[in-house]
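The file final.cif contains mmCIF, C-alpha atoms and all ligand atoms:
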data_model
#
loop_
_atom_site.label_atom_id
_atom_site.label_comp_id
_atom_site.auth_asym_id
_atom_site.auth_seq_id
_atom_site.Cartn_x
_atom_site.Cartn_y
_atom_site.Cartn_z
CA MET A 18 15.34 -31.04 -28.15
CA THR A 19 14.61 -28.41 -25.57
CA ALA A 20 12.17 -27.73 -22.80
CA THR A 21 12.18 -24.15 -21.67
CA ALA A 22 10.71 -22.04 -18.94
CA PRO A 23 8.14 -19.44 -20.04
CA SER A 24 9.74 -16.81 -22.27
CA SER A 25 8.04 -14.06 -20.25
CA PRO A 26 8.47 -15.32 -16.71
CA SER A 27 7.06 -12.14 -15.21
CA THR A 28 3.66 -12.85 -16.72
CA GLY A 29 3.88 -16.60 -17.18
CA SER A 30 2.29 -19.14 -14.91
CA GLY A 31 4.54 -21.92 -16.10
CA GLN A 32 1.82 -23.34 -18.28
CA ALA A 33 3.54 -22.15 -21.43
CA ARG A 34 6.37 -24.63 -21.09
CA ILE A 35 7.27 -26.40 -24.27
CA TRP A 36 7.83 -30.10 -23.94
CA ASP A 37 9.41 -32.33 -26.45
CA LEU A 38 8.19 -35.72 -25.40
CA ALA A 39 9.86 -37.35 -28.39
CA SER A 40 13.24 -36.58 -26.87
CA SER A 41 15.77 -39.38 -27.03
CA VAL A 42 16.99 -38.66 -23.49
CA PRO A 43 16.77 -42.08 -21.87
CA ASP A 44 14.38 -42.40 -18.97
CA PRO A 45 15.39 -45.17 -16.58
CA SER A 46 12.05 -45.45 -14.82
CA THR A 47 8.91 -44.42 -16.64
CA GLY A 48 9.94 -43.55 -20.17
CA SER A 49 8.17 -40.23 -19.97
CA GLY A 50 11.28 -38.34 -21.06
CA GLN A 51 11.86 -34.64 -20.91
CA ALA A 52 8.83 -33.69 -18.82
CA ARG A 53 10.14 -35.99 -16.08
CA ILE A 54 13.58 -34.38 -16.29
CA TRP A 55 12.01 -30.94 -15.98
CA ASP A 56 9.98 -32.14 -12.99
CA LEU A 57 13.10 -33.53 -11.31
CA ALA A 58 15.11 -30.35 -11.91
CA SER A 59 12.27 -28.05 -10.93
CA SER A 60 11.80 -29.78 -7.58
CA VAL A 61 15.30 -28.82 -6.37
CA PRO A 62 14.99 -26.26 -3.56
CA ASP A 63 16.85 -22.96 -3.49
CA PRO A 64 19.77 -23.34 -1.04
CA GLU A 65 19.15 -19.99 0.65
CA MET A 66 15.35 -19.89 0.63
CA PRO A 67 14.40 -23.59 0.69
CA MET A 68 10.67 -22.86 0.74
CA LEU A 69 11.18 -22.02 -2.95
CA THR A 70 12.16 -24.46 -5.67
CA LEU A 71 14.57 -23.28 -8.36
CA ALA A 72 11.52 -23.19 -10.67
CA ASP A 73 9.54 -21.06 -8.17
CA LEU A 74 12.49 -18.68 -8.03
CA GLY A 75 12.62 -18.46 -11.83
CA VAL A 76 16.26 -19.59 -11.85
CA LEU A 77 15.61 -22.79 -13.81
CA ARG A 78 15.53 -21.80 -17.49
CA GLY A 79 15.48 -25.06 -19.44
CA VAL A 80 16.51 -28.67 -19.85
CA ARG A 81 17.79 -30.27 -23.03
CA GLU A 82 19.76 -33.24 -24.25
CA HIS A 83 23.27 -32.96 -25.63
CA ASP A 84 25.62 -35.89 -26.38
CA GLY A 85 23.59 -38.28 -24.25
CA GLN A 86 23.70 -35.89 -21.28
CA VAL A 87 21.02 -33.77 -19.72
CA VAL A 88 22.01 -30.10 -19.84
CA VAL A 89 20.20 -27.88 -17.35
CA THR A 90 20.33 -24.12 -17.89
CA ILE A 91 20.03 -21.79 -14.93
CA THR A 92 20.21 -18.03 -14.54
CA PRO A 93 21.54 -16.96 -11.11
CA THR A 94 19.68 -14.30 -9.19
CA TYR A 95 22.77 -12.13 -9.53
CA SER A 96 26.18 -12.83 -11.01
CA GLY A 97 28.05 -13.12 -7.70
CA CYS A 98 25.38 -15.18 -5.97
CA PRO A 99 27.24 -17.48 -3.53
CA ALA A 100 24.47 -20.08 -3.80
CA LEU A 101 25.24 -20.76 -7.47
CA ALA A 102 27.69 -23.62 -6.87
CA THR A 103 25.25 -25.30 -4.48
CA MET A 104 22.41 -24.95 -7.00
CA ARG A 105 24.59 -26.59 -9.63
CA ASP A 106 25.61 -29.48 -7.35
CA ASP A 107 22.05 -30.04 -6.12
CA LEU A 108 20.72 -30.22 -9.69
CA VAL A 109 23.43 -32.64 -10.83
CA HIS A 110 22.88 -34.86 -7.78
CA ARG A 111 19.08 -34.86 -8.11
CA LEU A 112 19.32 -35.93 -11.76
CA ARG A 113 22.14 -38.38 -11.13
CA ASP A 114 20.11 -40.06 -8.37
CA ALA A 115 17.35 -40.54 -10.95
CA GLY A 116 19.77 -42.15 -13.39
CA TYR A 117 20.69 -39.21 -15.64
CA ALA A 118 24.13 -37.94 -16.50
CA ALA A 119 23.72 -34.20 -16.15
CA ARG A 120 25.59 -30.94 -16.27
CA VAL A 121 24.55 -27.37 -15.61
CA GLU A 122 25.05 -24.35 -17.84
CA VAL A 123 24.76 -20.80 -16.57
CA ALA A 124 23.00 -18.23 -18.77
CA LEU A 125 23.58 -14.63 -17.68
CA SER A 126 21.42 -13.05 -20.36
CA PRO A 127 18.66 -12.11 -20.04
CA ALA A 128 19.50 -11.22 -16.45
CA TRP A 129 17.31 -12.67 -13.73
CA SER A 130 14.73 -10.36 -12.23
CA SER A 131 12.71 -10.76 -9.04
CA ASP A 132 9.70 -10.47 -11.37
CA TRP A 133 10.55 -14.04 -12.42
CA ILE A 134 9.51 -15.42 -9.01
CA THR A 135 6.29 -17.29 -9.72
CA GLU A 136 2.96 -16.74 -7.98
CA ARG A 137 3.46 -20.08 -6.26
CA GLY A 138 6.86 -18.88 -5.05
CA ARG A 139 5.41 -15.59 -3.74
CA ARG A 140 2.76 -17.52 -1.83
CA ALA A 141 5.42 -19.81 -0.35
CA LEU A 142 7.44 -16.77 0.79
CA ARG A 143 4.42 -15.25 2.53
CA ASP A 144 3.47 -18.61 4.06
CA HIS A 145 6.95 -18.70 5.63
CA GLY A 146 6.80 -15.18 7.01
CA LEU A 147 8.84 -13.44 4.29
CA SER A 148 7.68 -10.43 2.32
CA ALA A 149 7.66 -11.01 -1.47
CA PRO A 150 9.26 -8.43 -3.80
CA GLY A 151 7.19 -5.77 -5.50
CA PRO A 152 7.67 -4.94 -9.20
CA ALA A 153 11.35 -4.76 -10.19
CA PRO A 154 12.83 -1.43 -11.35
CA ARG A 155 12.52 -1.09 -15.11
CA ALA A 156 15.09 0.26 -17.52
CA PRO A 157 13.50 2.91 -19.79
CA ALA A 158 13.27 1.41 -23.32
CA GLY A 159 16.09 -1.05 -22.81
CA GLY A 160 18.50 1.56 -21.42
CA PRO A 161 20.44 1.37 -18.18
CA VAL A 162 18.64 1.20 -14.84
CA ALA A 163 19.22 4.46 -12.96
CA LEU A 164 21.18 3.98 -9.73
CA ASP A 165 19.78 5.72 -6.70
CA LEU A 166 22.29 6.00 -3.87
CA GLY A 167 19.68 7.18 -1.40
CA PRO A 168 17.87 4.75 0.89
CA THR A 169 15.56 2.38 -0.98
CA ARG A 170 11.97 3.18 -0.16
CA ARG A 171 9.44 0.38 -0.43
CA ARG A 172 5.76 0.22 0.32
CA LEU A 173 5.45 -3.03 2.23
CA SER A 174 3.05 -4.68 4.56
CA CYS A 175 3.86 -7.13 7.31
CA PRO A 176 3.60 -10.74 6.04
CA ARG A 177 2.19 -11.78 9.44
CA CYS A 178 -0.44 -9.17 10.33
CA GLU A 179 -0.58 -7.21 7.01
CA ALA A 180 -0.08 -3.87 8.76
CA ALA A 181 1.53 -1.26 6.51
CA ASP A 182 3.37 0.43 9.38
CA VAL A 183 6.80 -1.16 8.99
CA ALA A 184 10.35 0.12 9.50
CA LEU A 185 13.58 -0.86 7.77
CA VAL A 186 16.09 -2.37 10.19
CA SER A 187 18.84 -3.36 7.72
CA GLU A 188 19.23 -3.42 3.92
CA PHE A 189 20.87 -6.84 4.32
CA GLY A 190 19.41 -9.91 5.95
CA PRO A 191 20.82 -13.43 6.31
CA THR A 192 21.33 -13.35 2.53
CA ALA A 193 22.19 -10.40 0.30
CA CYS A 194 18.83 -10.89 -1.49
CA THR A 195 16.80 -9.87 1.55
CA ALA A 196 16.39 -6.80 3.77
CA ILE A 197 15.20 -6.85 7.38
CA TYR A 198 12.10 -4.92 8.44
CA ARG A 199 10.16 -4.72 11.68
CA CYS A 200 6.42 -4.41 11.93
CA ARG A 201 5.35 -1.60 14.27
CA SER A 202 1.97 -3.22 14.77
CA CYS A 203 2.74 -6.83 15.76
CA LEU A 204 6.39 -5.90 16.56
CA GLU A 205 7.77 -8.93 14.68
CA PRO A 206 10.82 -8.59 12.44
CA PHE A 207 10.61 -10.04 8.94
CA GLU A 208 12.72 -10.48 5.83
CA HIS A 209 11.82 -8.79 2.56
CA VAL A 210 13.05 -10.23 -0.73
CA LYS A 211 14.49 -7.29 -2.68
CA GLU A 212 13.32 -6.08 -6.06
CA ILE A 213 16.02 -6.44 -8.71
ZN ZN A 301 2.91 -7.37 11.77
#

I need this file expressed as structure tokens, please.
Ligand SMILES: [Zn+2]
Amino acid sequence: MTATAPSSPSTGSGQARIWDLASSVPDPSTGSGQARIWDLASSVPDPEMPMLTLADLGVLRGVREHDGQVVVTITPTYSGCPALATMRDDLVHRLRDAGYAARVEVALSPAWSSDWITERGRRALRDHGLSAPGPAPRAPAGGPVALDLGPTRRRLSCPRCEAADVALVSEFGPTACTAIYRCRSCLEPFEHVKEI
């Protein structure tokens, strides 16, 4: 009994989710089963960028029942992400508050990509003054991604005034996932969510 996120998150809108409404996971309130569990889990905000839910971020991969427990599968944005423990606790607490015994499993493969951030998530980033990532670097035919030790060049525009004249201030922002830029037109600094 499994509900999963879209198998191709980079192209999916979330509409391709598979529900199994006949699940035997007990629902203490409405009896609507697995869709309600998905809705509960997918409403948990990302600890570092709380304008995004874990579903917006593409981190939430699936919910299923096992031994009378809800098992939530997440894929961290990167393997050393310090927010992982908080994500796990927040999911367990959200489901526990709704009456479900829950645990969280971490799936490292396939690796998360910034392409998995949904359109809704990209809009939320822009609405909060952050610049959304462009297309992630692609490995040629499944091979390794080439490492470039030179400065990362990105074609960005300012999320506030949309000017393209922006300058990198720092490759690292308040979180490792973001870089800091400054707009030369409106002069405001802004965070850019990196492509990975
Ligand atoms: Zn600007």

Exercise. What's the 12 Å shell around Tyr95 in chain A, counting only C-alpha atoms, without same-chain residues fewer than 5 positions away, as a ChimeraX atom specification?
Worked result: /A:76,100-101,123-131,193-194,211-213

For this session: Kindly provide, as a ChimeraX atom specification, all nucleotide and amino acid residues lying within 9 Å of ligand ZN 301 (chain A), counting all atoms listed in the file.
Result: /A:174-183,199-207

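The spacing separating CA of Leu142 in chain A from CA of Arg120 in chain A amounts to 28.7 Å.
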
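Nearest to Pro64 in chain A of all the residues A:Met104, A:Leu112, A:Ala141, A:Leu166 is A:Met104, based on only C-alpha atoms.
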
Seminar exercise, completed: CA of Arg140 in chain A to CA of Glu65 in chain A measures 16.8 Å

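Once only C-alpha atoms are considered, the residues situated within 12 Å of the file point (10.6, -28.8, -7.3) turn out to be Arg53, Ile54, Trp55, Asp56, Leu57, Ala58, Ser59, Ser60, Val61, Pro62, Asp63, Pro67, Met68, Leu69, Thr70, Leu71, Ala72, Asp73, Leu74, Gly75, Val76, Leu77, Asp107, Leu108, Arg111, Arg137 and Gly138 of chain A.
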
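Taking only C-alpha atoms into account, Gly190 in chain A lies nearest to A:Leu147 out of the set A:Leu173, A:Leu147, A:Ala52, A:Ala158.
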
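The residue that comes closest to Ala115 in chain A, out of A:Met66, A:Pro152, A:Thr92, A:Gly50 and on the basis of only C-alpha atoms, is A:Gly50.
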
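Of note, CA of Asp106 in chain A and CA of Ala196 in chain A are spaced 26.9 Å apart.
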